[in-house]
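File shown here: my_file-v1.cif, holding mmCIF, C-alpha atoms.
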```
data_start
loop_
_atom_site.group_PDB
_atom_site.id
_atom_site.type_symbol
_atom_site.label_atom_id
_atom_site.label_comp_id
_atom_site.auth_asym_id
_atom_site.auth_seq_id
_atom_site.Cartn_x
_atom_site.Cartn_y
_atom_site.Cartn_z
ATOM 1 C CA MET A 1 37.533 75.492 20.666
ATOM 2 C CA PRO A 2 38.189 76.744 17.120
ATOM 3 C CA GLY A 3 35.595 78.682 15.170
ATOM 4 C CA PHE A 4 33.675 77.510 12.118
ATOM 5 C CA GLU A 5 33.305 79.171 8.752
ATOM 6 C CA LEU A 6 29.833 79.882 7.391
ATOM 7 C CA THR A 7 29.371 80.038 3.629
ATOM 8 C CA PRO A 8 26.530 82.290 2.472
ATOM 9 C CA VAL A 9 24.225 80.461 0.049
ATOM 10 C CA GLY A 10 22.354 83.568 -1.096
ATOM 11 C CA THR A 11 21.271 87.045 -0.150
ATOM 12 C CA VAL A 12 18.117 88.967 0.821
ATOM 13 C CA GLU A 13 16.751 91.526 -1.642
ATOM 14 C CA SER A 14 14.393 93.800 0.286
ATOM 15 C CA THR A 15 13.031 97.320 0.369
ATOM 16 C CA LEU A 16 14.261 97.478 3.987
ATOM 17 C CA THR A 17 17.603 99.243 4.105
ATOM 18 C CA ASP A 18 17.555 101.201 7.364
ATOM 19 C CA GLN A 19 17.824 99.231 10.585
ATOM 20 C CA ALA A 20 16.473 102.179 12.579
ATOM 21 C CA VAL A 21 13.050 101.961 10.943
ATOM 22 C CA ALA A 22 12.858 98.249 10.075
ATOM 23 C CA PRO A 23 10.255 96.125 11.887
ATOM 24 C CA ARG A 24 11.737 94.097 14.731
ATOM 25 C CA GLN A 25 9.861 90.933 13.862
ATOM 26 C CA GLY A 26 8.374 89.505 10.683
ATOM 27 C CA ASP A 27 4.847 89.703 12.080
ATOM 28 C CA GLU A 28 5.132 93.423 12.779
ATOM 29 C CA GLY A 29 4.483 94.698 9.287
ATOM 30 C CA ALA A 30 7.613 93.437 7.546
ATOM 31 C CA PRO A 31 7.413 93.447 3.743
ATOM 32 C CA SER A 32 7.733 90.614 1.287
ATOM 33 C CA ALA A 33 11.251 90.113 -0.016
ATOM 34 C CA TRP A 34 13.250 88.045 -2.486
ATOM 35 C CA LEU A 35 15.791 85.453 -1.484
ATOM 36 C CA ILE A 36 18.386 85.246 -4.235
ATOM 37 C CA PHE A 37 20.359 82.008 -4.046
ATOM 38 C CA PHE A 38 23.769 81.568 -5.623
ATOM 39 C CA PRO A 39 23.727 79.144 -8.594
ATOM 40 C CA ALA A 40 25.949 76.617 -6.795
ATOM 41 C CA TYR A 41 23.129 75.922 -4.303
ATOM 42 C CA ALA A 42 20.151 75.796 -6.678
ATOM 43 C CA GLU A 43 19.934 72.022 -6.404
ATOM 44 C CA ALA A 44 19.243 72.256 -2.642
ATOM 45 C CA LEU A 45 16.169 74.376 -3.389
ATOM 46 C CA THR A 46 14.455 72.227 -5.979
ATOM 47 C CA ASP A 47 11.670 70.866 -3.777
ATOM 48 C CA ILE A 48 10.453 74.124 -2.278
ATOM 49 C CA ALA A 49 6.995 75.015 -3.551
ATOM 50 C CA PRO A 50 4.832 78.155 -3.224
ATOM 51 C CA GLY A 51 2.593 78.040 -0.173
ATOM 52 C CA THR A 52 5.208 76.304 1.972
ATOM 53 C CA THR A 53 6.134 77.799 5.324
ATOM 54 C CA ILE A 54 9.881 77.638 5.863
ATOM 55 C CA LEU A 55 12.443 78.566 8.463
ATOM 56 C CA LEU A 56 15.009 80.920 6.982
ATOM 57 C CA LEU A 57 18.393 81.320 8.649
ATOM 58 C CA THR A 58 20.367 84.479 7.929
ATOM 59 C CA TRP A 59 23.588 86.099 9.117
ATOM 60 C CA LEU A 60 22.749 89.417 10.769
ATOM 61 C CA ASP A 61 25.894 91.051 9.501
ATOM 62 C CA ARG A 62 25.229 94.441 11.107
ATOM 63 C CA ALA A 63 24.967 93.006 14.643
ATOM 64 C CA ASP A 64 27.285 93.747 17.568
ATOM 65 C CA ARG A 65 28.713 90.380 18.616
ATOM 66 C CA THR A 66 30.145 91.642 21.912
ATOM 67 C CA VAL A 67 26.716 92.276 23.469
ATOM 68 C CA LEU A 68 25.630 89.778 26.169
ATOM 69 C CA ARG A 69 22.737 91.669 27.819
ATOM 70 C CA VAL A 70 20.173 94.080 26.357
ATOM 71 C CA HIS A 71 17.083 96.021 27.290
ATOM 72 C CA PRO A 72 14.473 94.001 25.332
ATOM 73 C CA ARG A 73 13.218 95.921 22.307
ATOM 74 C CA ASP A 74 15.560 98.783 23.296
ATOM 75 C CA ASP A 75 13.036 99.739 25.982
ATOM 76 C CA ARG A 76 15.065 101.238 28.835
ATOM 77 C CA ALA A 77 12.132 100.625 31.183
ATOM 78 C CA ARG A 78 12.747 96.903 30.819
ATOM 79 C CA PRO A 79 15.611 95.413 32.815
ATOM 80 C CA LEU A 80 18.837 94.249 31.192
ATOM 81 C CA THR A 81 18.265 90.686 30.017
ATOM 82 C CA GLY A 82 20.701 88.027 28.846
ATOM 83 C CA VAL A 83 20.600 87.909 25.041
ATOM 84 C CA PHE A 84 19.901 84.157 25.051
ATOM 85 C CA SER A 85 16.457 85.039 26.472
ATOM 86 C CA THR A 86 15.788 87.620 23.755
ATOM 87 C CA ARG A 87 15.610 87.895 19.996
ATOM 88 C CA SER A 88 18.169 90.699 19.941
ATOM 89 C CA ALA A 89 20.240 90.734 16.748
ATOM 90 C CA ASP A 90 23.205 91.690 18.936
ATOM 91 C CA ARG A 91 24.566 88.377 20.305
ATOM 92 C CA PRO A 92 27.739 86.278 20.021
ATOM 93 C CA ASN A 93 26.585 84.444 16.879
ATOM 94 C CA PRO A 94 24.027 86.684 15.155
ATOM 95 C CA ILE A 95 22.057 84.042 13.284
ATOM 96 C CA GLY A 96 18.634 85.324 12.262
ATOM 97 C CA LEU A 97 15.757 82.850 12.380
ATOM 98 C CA HIS A 98 12.674 83.784 10.365
ATOM 99 C CA ARG A 99 9.445 81.882 9.816
ATOM 100 C CA VAL A 100 8.171 82.971 6.403
ATOM 101 C CA GLU A 101 5.818 81.755 3.699
ATOM 102 C CA VAL A 102 7.032 81.097 0.165
ATOM 103 C CA LEU A 103 4.885 83.204 -2.162
ATOM 104 C CA SER A 104 6.529 82.241 -5.442
ATOM 105 C CA VAL A 105 9.530 80.462 -6.877
ATOM 106 C CA ASP A 106 11.455 81.815 -9.878
ATOM 107 C CA GLY A 107 14.412 79.503 -10.514
ATOM 108 C CA PRO A 108 16.965 80.193 -7.765
ATOM 109 C CA ARG A 109 14.848 83.026 -6.337
ATOM 110 C CA LEU A 110 12.163 82.679 -3.668
ATOM 111 C CA ARG A 111 9.633 85.397 -2.914
ATOM 112 C CA VAL A 112 8.746 85.243 0.795
ATOM 113 C CA SER A 113 6.279 87.089 3.004
ATOM 114 C CA GLY A 114 6.907 89.155 6.125
ATOM 115 C CA LEU A 115 10.711 89.232 6.332
ATOM 116 C CA GLU A 116 12.289 91.782 8.676
ATOM 117 C CA ALA A 117 15.862 91.165 7.455
ATOM 118 C CA LEU A 118 17.572 94.104 5.766
ATOM 119 C CA ASP A 119 18.508 94.271 2.094
ATOM 120 C CA GLY A 120 21.820 92.497 1.504
ATOM 121 C CA THR A 121 21.558 90.195 4.526
ATOM 122 C CA PRO A 122 23.378 86.909 3.777
ATOM 123 C CA VAL A 123 21.249 83.755 3.646
ATOM 124 C CA LEU A 124 22.684 80.709 5.435
ATOM 125 C CA ASP A 125 20.064 77.974 5.306
ATOM 126 C CA VAL A 126 16.429 77.026 4.747
ATOM 127 C CA LYS A 127 14.717 74.323 6.810
ATOM 128 C CA PRO A 128 11.214 72.893 7.103
ATOM 129 C CA VAL A 129 9.291 74.236 10.081
ATOM 130 C CA LEU A 130 9.907 72.407 13.341
ATOM 131 C CA GLU A 131 6.938 70.106 13.624
ATOM 132 C CA PRO A 132 7.081 66.664 15.184
ATOM 133 C CA THR A 133 6.312 64.896 11.921
ATOM 134 C CA GLY A 134 8.960 62.192 11.723
ATOM 135 C CA GLN A 135 8.761 62.784 7.977
ATOM 136 C CA ARG A 136 11.620 65.105 7.213
ATOM 137 C CA MET B 137 30.645 86.947 -0.786
ATOM 138 C CA PRO B 138 33.111 86.241 2.045
ATOM 139 C CA GLY B 139 32.359 83.735 4.775
ATOM 140 C CA PHE B 140 31.634 84.455 8.420
ATOM 141 C CA GLU B 141 33.288 83.013 11.492
ATOM 142 C CA LEU B 142 31.138 81.347 14.139
ATOM 143 C CA THR B 143 32.369 81.320 17.723
ATOM 144 C CA PRO B 144 31.162 78.373 19.803
ATOM 145 C CA VAL B 145 29.649 79.554 23.098
ATOM 146 C CA GLY B 146 29.534 76.108 24.692
ATOM 147 C CA THR B 147 29.309 72.406 24.049
ATOM 148 C CA VAL B 148 26.820 69.522 24.362
ATOM 149 C CA GLU B 149 27.522 66.853 26.976
ATOM 150 C CA SER B 150 25.414 63.810 26.076
ATOM 151 C CA THR B 151 25.341 60.042 26.315
ATOM 152 C CA LEU B 152 24.896 60.018 22.514
ATOM 153 C CA THR B 153 28.245 59.399 20.877
ATOM 154 C CA ASP B 154 27.437 57.301 17.804
ATOM 155 C CA GLN B 155 25.672 59.021 14.929
ATOM 156 C CA ALA B 156 24.630 55.658 13.469
ATOM 157 C CA VAL B 157 22.348 54.898 16.411
ATOM 158 C CA ALA B 158 21.382 58.406 17.552
ATOM 159 C CA PRO B 159 17.731 59.476 17.176
ATOM 160 C CA ARG B 160 17.147 61.659 14.116
ATOM 161 C CA GLN B 161 14.928 64.126 15.916
ATOM 162 C CA GLY B 162 14.557 65.230 19.521
ATOM 163 C CA ASP B 163 11.029 63.824 19.731
ATOM 164 C CA GLU B 164 12.150 60.350 18.722
ATOM 165 C CA GLY B 165 13.475 59.189 22.058
ATOM 166 C CA ALA B 166 16.470 61.485 22.405
ATOM 167 C CA PRO B 167 17.913 61.698 25.924
ATOM 168 C CA SER B 168 18.331 64.649 28.215
ATOM 169 C CA ALA B 169 21.720 66.328 27.941
ATOM 170 C CA TRP B 170 23.811 69.094 29.475
ATOM 171 C CA LEU B 171 24.717 72.280 27.680
ATOM 172 C CA ILE B 172 28.021 73.500 29.085
ATOM 173 C CA PHE B 173 28.578 77.162 28.319
ATOM 174 C CA PHE B 174 32.007 78.776 28.329
ATOM 175 C CA PRO B 175 32.454 81.276 31.200
ATOM 176 C CA ALA B 176 32.800 84.237 28.820
ATOM 177 C CA TYR B 177 29.128 83.824 27.821
ATOM 178 C CA ALA B 178 27.559 83.174 31.230
ATOM 179 C CA GLU B 179 26.062 86.654 31.344
ATOM 180 C CA ALA B 180 23.964 85.942 28.224
ATOM 181 C CA LEU B 181 22.327 83.010 30.055
ATOM 182 C CA THR B 182 21.284 84.691 33.267
ATOM 183 C CA ASP B 183 17.562 84.939 32.549
ATOM 184 C CA ILE B 184 16.928 81.359 31.491
ATOM 185 C CA ALA B 185 14.816 79.518 34.038
ATOM 186 C CA PRO B 186 13.850 75.840 34.432
ATOM 187 C CA GLY B 187 10.625 75.014 32.619
ATOM 188 C CA THR B 188 11.377 77.341 29.709
ATOM 189 C CA THR B 189 11.217 75.976 26.175
ATOM 190 C CA ILE B 190 14.109 77.270 24.111
ATOM 191 C CA LEU B 191 15.485 77.026 20.609
ATOM 192 C CA LEU B 192 19.041 75.713 20.689
ATOM 193 C CA LEU B 193 21.329 76.280 17.724
ATOM 194 C CA THR B 194 24.307 73.963 17.310
ATOM 195 C CA TRP B 195 27.050 73.369 14.758
ATOM 196 C CA LEU B 196 26.695 69.837 13.384
ATOM 197 C CA ASP B 197 30.418 69.366 13.094
ATOM 198 C CA ARG B 198 30.250 65.854 11.669
ATOM 199 C CA ALA B 199 28.080 66.859 8.692
ATOM 200 C CA ASP B 200 29.051 66.686 5.007
ATOM 201 C CA ARG B 201 28.762 70.251 3.697
ATOM 202 C CA THR B 202 28.983 69.265 0.020
ATOM 203 C CA VAL B 203 25.607 67.474 0.016
ATOM 204 C CA LEU B 204 22.742 69.304 -1.778
ATOM 205 C CA ARG B 205 20.193 66.479 -2.182
ATOM 206 C CA VAL B 206 19.397 63.501 0.049
ATOM 207 C CA HIS B 207 16.992 60.615 0.367
ATOM 208 C CA PRO B 208 14.963 61.834 3.389
ATOM 209 C CA ARG B 209 15.781 59.847 6.519
ATOM 210 C CA ASP B 210 18.263 57.809 4.427
ATOM 211 C CA ASP B 211 15.286 55.921 3.001
ATOM 212 C CA ARG B 212 16.270 54.932 -0.560
ATOM 213 C CA ALA B 213 12.590 54.408 -1.399
ATOM 214 C CA ARG B 214 12.087 58.155 -1.055
ATOM 215 C CA PRO B 215 13.216 60.335 -3.960
ATOM 216 C CA LEU B 216 16.275 62.555 -3.773
ATOM 217 C CA THR B 217 15.158 65.838 -2.215
ATOM 218 C CA GLY B 218 16.890 69.215 -1.986
ATOM 219 C CA VAL B 219 18.360 69.566 1.505
ATOM 220 C CA PHE B 220 16.581 72.893 2.065
ATOM 221 C CA SER B 221 13.331 70.861 2.161
ATOM 222 C CA THR B 222 14.726 68.398 4.713
ATOM 223 C CA ARG B 223 16.256 68.363 8.184
ATOM 224 C CA SER B 224 19.341 66.522 6.944
ATOM 225 C CA ALA B 225 22.468 67.368 8.942
ATOM 226 C CA ASP B 226 24.355 67.251 5.645
ATOM 227 C CA ARG B 227 23.882 70.706 4.064
ATOM 228 C CA PRO B 228 26.038 73.719 3.146
ATOM 229 C CA ASN B 229 25.797 75.316 6.605
ATOM 230 C CA PRO B 230 25.070 72.510 9.089
ATOM 231 C CA ILE B 231 23.345 74.523 11.795
ATOM 232 C CA GLY B 232 21.274 72.310 14.068
ATOM 233 C CA LEU B 233 17.990 73.731 15.355
ATOM 234 C CA HIS B 234 16.523 72.008 18.409
ATOM 235 C CA ARG B 235 13.414 72.838 20.414
ATOM 236 C CA VAL B 236 14.123 71.646 23.962
ATOM 237 C CA GLU B 237 12.882 72.245 27.494
ATOM 238 C CA VAL B 238 15.207 73.509 30.210
ATOM 239 C CA LEU B 239 15.025 71.005 33.081
ATOM 240 C CA SER B 240 17.519 72.666 35.409
ATOM 241 C CA VAL B 241 20.104 75.403 35.574
ATOM 242 C CA ASP B 242 23.428 74.954 37.363
ATOM 243 C CA GLY B 243 25.470 78.129 36.861
ATOM 244 C CA PRO B 244 26.694 78.077 33.245
ATOM 245 C CA ARG B 245 25.194 74.628 32.634
ATOM 246 C CA LEU B 246 21.682 73.911 31.394
ATOM 247 C CA ARG B 247 20.075 70.480 31.579
ATOM 248 C CA VAL B 248 17.697 70.071 28.619
ATOM 249 C CA SER B 249 15.252 67.392 27.533
ATOM 250 C CA GLY B 250 15.114 65.417 24.297
ATOM 251 C CA LEU B 251 18.280 66.529 22.505
ATOM 252 C CA GLU B 252 19.427 64.452 19.529
ATOM 253 C CA ALA B 253 22.803 66.255 19.170
ATOM 254 C CA LEU B 254 25.898 64.132 19.748
ATOM 255 C CA ASP B 255 28.304 64.532 22.661
ATOM 256 C CA GLY B 256 30.802 67.296 21.922
ATOM 257 C CA THR B 257 28.572 69.175 19.470
ATOM 258 C CA PRO B 258 29.395 72.909 19.626
ATOM 259 C CA VAL B 259 26.640 75.234 20.865
ATOM 260 C CA LEU B 260 26.137 78.444 18.860
ATOM 261 C CA ASP B 261 23.110 80.213 20.285
ATOM 262 C CA VAL B 262 19.949 79.995 22.392
ATOM 263 C CA LYS B 263 16.771 81.868 21.453
ATOM 264 C CA PRO B 264 13.221 82.096 22.771
ATOM 265 C CA VAL B 265 10.754 79.993 20.806
ATOM 266 C CA LEU B 266 9.325 81.683 17.715
ATOM 267 C CA GLU B 267 5.956 82.917 18.893
ATOM 268 C CA PRO B 268 4.363 86.119 17.679
ATOM 269 C CA THR B 269 4.503 87.772 21.082
ATOM 270 C CA GLY B 270 6.012 91.159 20.345
ATOM 271 C CA GLN B 271 7.587 90.799 23.776
ATOM 272 C CA ARG B 272 11.076 89.569 23.096
#
```
Rewritten as structure tokens:
Amino acid sequence: MPGFELTPVGTVESTLTDQAVAPRQGDEGAPSAWLIFFPAYAEALTDIAPGTTILLLTWLDRADRTVLRVHPRDDRARPLTGVFSTRSADRPNPIGLHRVEVLSVDGPRLRVSGLEALDGTPVLDVKPVLEPTGQR
Amino acid sequence: MPGFELTPVGTVESTLTDQAVAPRQGDEGAPSAWLIFFPAYAEALTDIAPGTTILLLTWLDRADRTVLRVHPRDDRARPLTGVFSTRSADRPNPIGLHRVEVLSVDGPRLRVSGLEALDGTPVLDVKPVLEPTGQR
């Protein structure tokens, strides 16, 4: 089966630059960050308002795509586990999935809370949270 | 910014073949389906057990990637809305996100409940559900 080409729609601007010290999850003390969207995609953003909780999809560009099993949270005391049962960034398609709150909107820039993605991480998509609403 | 290449890790085997009549969301009467993983990725699957709820990421290969605004649910009475505020398949990076339950595991095949993805849809990733557990 052939591969598919992702097109980044923006980028993360964050104070987090060092993977070794970054929080592993957004709810573990991750800072607020900016999402800077490229002008070509501004129209897709127009209905996002402050206070909204969104799902952010990113491309974890520093991941090792050859990894299929990991010790969860790099804890050697925990047994090797298939990456599909973990949130490891190292996986065949390193798509980051982040549930964050929109703090403010400044044109094609969104300020979001609690994002563990590193500075420069490409943004792929934004979706409403997965609730069984039948509305979206 | 350059693009990134996704590598499908498997494919959806479903009775749904016609987008025009398929449910829009998994909780709107979507059928159970098989996820058939390619042998190279079997090791990543080994810890997934029946009864687990997972997040499935797919590549919605029949989507229109040029669309930035839609009438939600194709309802012309609803105003045009930026796709990042909707679950439209048509969007710059058509990554499908599905919350499904694993019904059974048969080697590199998972039977899952309530999947609205069409037959032949490429599978990109499987993740644990987004809960603030600090465990995964």
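With atom CA of Ser104 of chain A on one side and atom CA of Arg205 of chain B on the other, the separation reads 21.1 Å.
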Go through chain A and flag each residue having an atom no more than 8 Å from chain B; for those, report the closest pair of atoms plus their distance in Å to one decimal, using all atoms listed in the file, ordered by chain and rising number, as a tab-separated table.
```
residue	atom	partner	partner_atom	distance
A:Met1	CA	B:Pro144	CA	7.0
A:Pro2	CA	B:Thr143	CA	7.4
A:Gly3	CA	B:Thr143	CA	4.9
A:Phe4	CA	B:Leu142	CA	5.0
A:Glu5	CA	B:Glu141	CA	4.7
A:Leu6	CA	B:Phe140	CA	5.0
A:Thr7	CA	B:Gly139	CA	4.9
A:Pro8	CA	B:Gly139	CA	6.4
A:Val9	CA	B:Pro228	CA	7.6
A:Gln25	CA	B:Gly270	CA	7.5
A:Asp27	CA	B:Pro268	CA	6.7
A:Glu28	CA	B:Gly270	CA	7.9
A:Tyr41	CA	B:Leu204	CA	7.1
A:Glu43	CA	B:Gly218	CA	6.1
A:Ala44	CA	B:Gly218	CA	3.9
A:Leu45	CA	B:Gly218	CA	5.4
A:Thr46	CA	B:Gly218	CA	5.6
A:Asp47	CA	B:Gly218	CA	5.8
A:Ile48	CA	B:Ser221	CA	6.2
A:Leu68	CA	B:Ala180	CA	4.7
A:Arg69	CA	B:Ala180	CA	5.9
A:Pro72	CA	B:Arg272	CA	6.0
A:Arg73	CA	B:Arg272	CA	6.7
A:Thr81	CA	B:Asp183	CA	6.3
A:Gly82	CA	B:Ala180	CA	3.9
A:Val83	CA	B:Ala180	CA	5.0
A:Phe84	CA	B:Val262	CA	4.9
A:Ser85	CA	B:Pro264	CA	5.7
A:Thr86	CA	B:Arg272	CA	5.1
A:Arg87	CA	B:Arg272	CA	5.7
A:Ser88	CA	B:Arg272	CA	7.8
A:Pro92	CA	B:Thr143	CA	7.2
A:Asn93	CA	B:Leu142	CA	6.2
A:Arg99	CA	B:Leu266	CA	7.9
A:Leu124	CA	B:Asn229	CA	6.3
A:Asp125	CA	B:Asn229	CA	6.5
A:Val126	CA	B:Phe220	CA	4.9
A:Lys127	CA	B:Phe220	CA	5.3
A:Pro128	CA	B:Ser221	CA	5.7
A:Leu130	CA	B:Arg235	CA	7.9
A:Pro132	CA	B:Asp163	CA	6.7
A:Gly134	CA	B:Gln161	CA	7.5
A:Gln135	CA	B:Arg209	CA	7.7
A:Arg136	CA	B:Thr222	CA	5.2
```
Just the residues within 10 Å of Gly165 of chain B, please, counting only C-alpha atoms, with nothing from its chain fewer than 4 positions along; format it as a PDB file with C-alpha atoms, keeping the file's coordinate frame.
```
ATOM      1  CA  ALA B 158      21.382  58.406  17.552  1.00  0.00           C
ATOM      2  CA  PRO B 159      17.731  59.476  17.176  1.00  0.00           C
ATOM      3  CA  ARG B 160      17.147  61.659  14.116  1.00  0.00           C
ATOM      4  CA  GLN B 161      14.928  64.126  15.916  1.00  0.00           C
ATOM      5  CA  GLY B 250      15.114  65.417  24.297  1.00  0.00           C
ATOM      6  CA  LEU B 251      18.280  66.529  22.505  1.00  0.00           C
ATOM      7  CA  GLU B 252      19.427  64.452  19.529  1.00  0.00           C
TER       8      GLU B 252
END
```
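Between atom CA of Pro108 of chain A and atom CA of Pro39 of chain A there is a distance of 6.9 Å.
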request  = Figure out the distance between atom CA of Pro215 of chain B and atom CA of Gly107 of chain A, please, to one decimal in Å.
outcome  =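 Atom CA of Pro215 of chain B lies 20.3 Å from atom CA of Gly107 of chain A.
Distance annotation: of B:Arg247, B:Thr257, B:Phe173, B:Val157, the residue with the minimal separation from Ala199 of chain B is B:Thr257; atom set is only C-alpha atoms.
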query = From the set A:Val12, A:Ala89, A:Val105, A:Leu110, which residue has the shortest atom-to-atom contact distance to Asp74 of chain A, counting all atoms listed in the file?
reply = A:Ala89
Report, as AutoDock Vina command-line options, the centre and edge lengths in Å (one decimal) of the axis-aligned box enclosing every listed atom of segment 90-99 of chain A, padded by 8 Å on each side.
```
--center_x 18.6 --center_y 86.8 --center_z 15.1 --size_x 34.3 --size_y 25.8 --size_z 26.5
```
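Residues in contact with Glu149 of chain B at up to 8 Å, not including ones fewer than 4 positions away on its chain and judged by only C-alpha atoms, are Ala169, Trp170, Leu171, Ile172, Leu254, Asp255, Gly256 and Thr257 of chain B.
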Restricting the output to C-alpha atoms, write the selected residues as a compact mmCIF listing (two decimals), in the coordinates of the input.
```
# COMPACT_ATOMS: atom_id res chain seq x y z
CA ALA B 169 21.72 66.33 27.94
CA TRP B 170 23.81 69.09 29.48
CA LEU B 171 24.72 72.28 27.68
CA ILE B 172 28.02 73.50 29.08
CA LEU B 254 25.90 64.13 19.75
CA ASP B 255 28.30 64.53 22.66
CA GLY B 256 30.80 67.30 21.92
CA THR B 257 28.57 69.18 19.47
```
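The shortest atom-to-atom distance to Leu239 of chain B, with all atoms listed in the file taken into account, belongs to B:Gly187 out of B:Thr151, B:Thr194, B:Gly187, B:Phe174.
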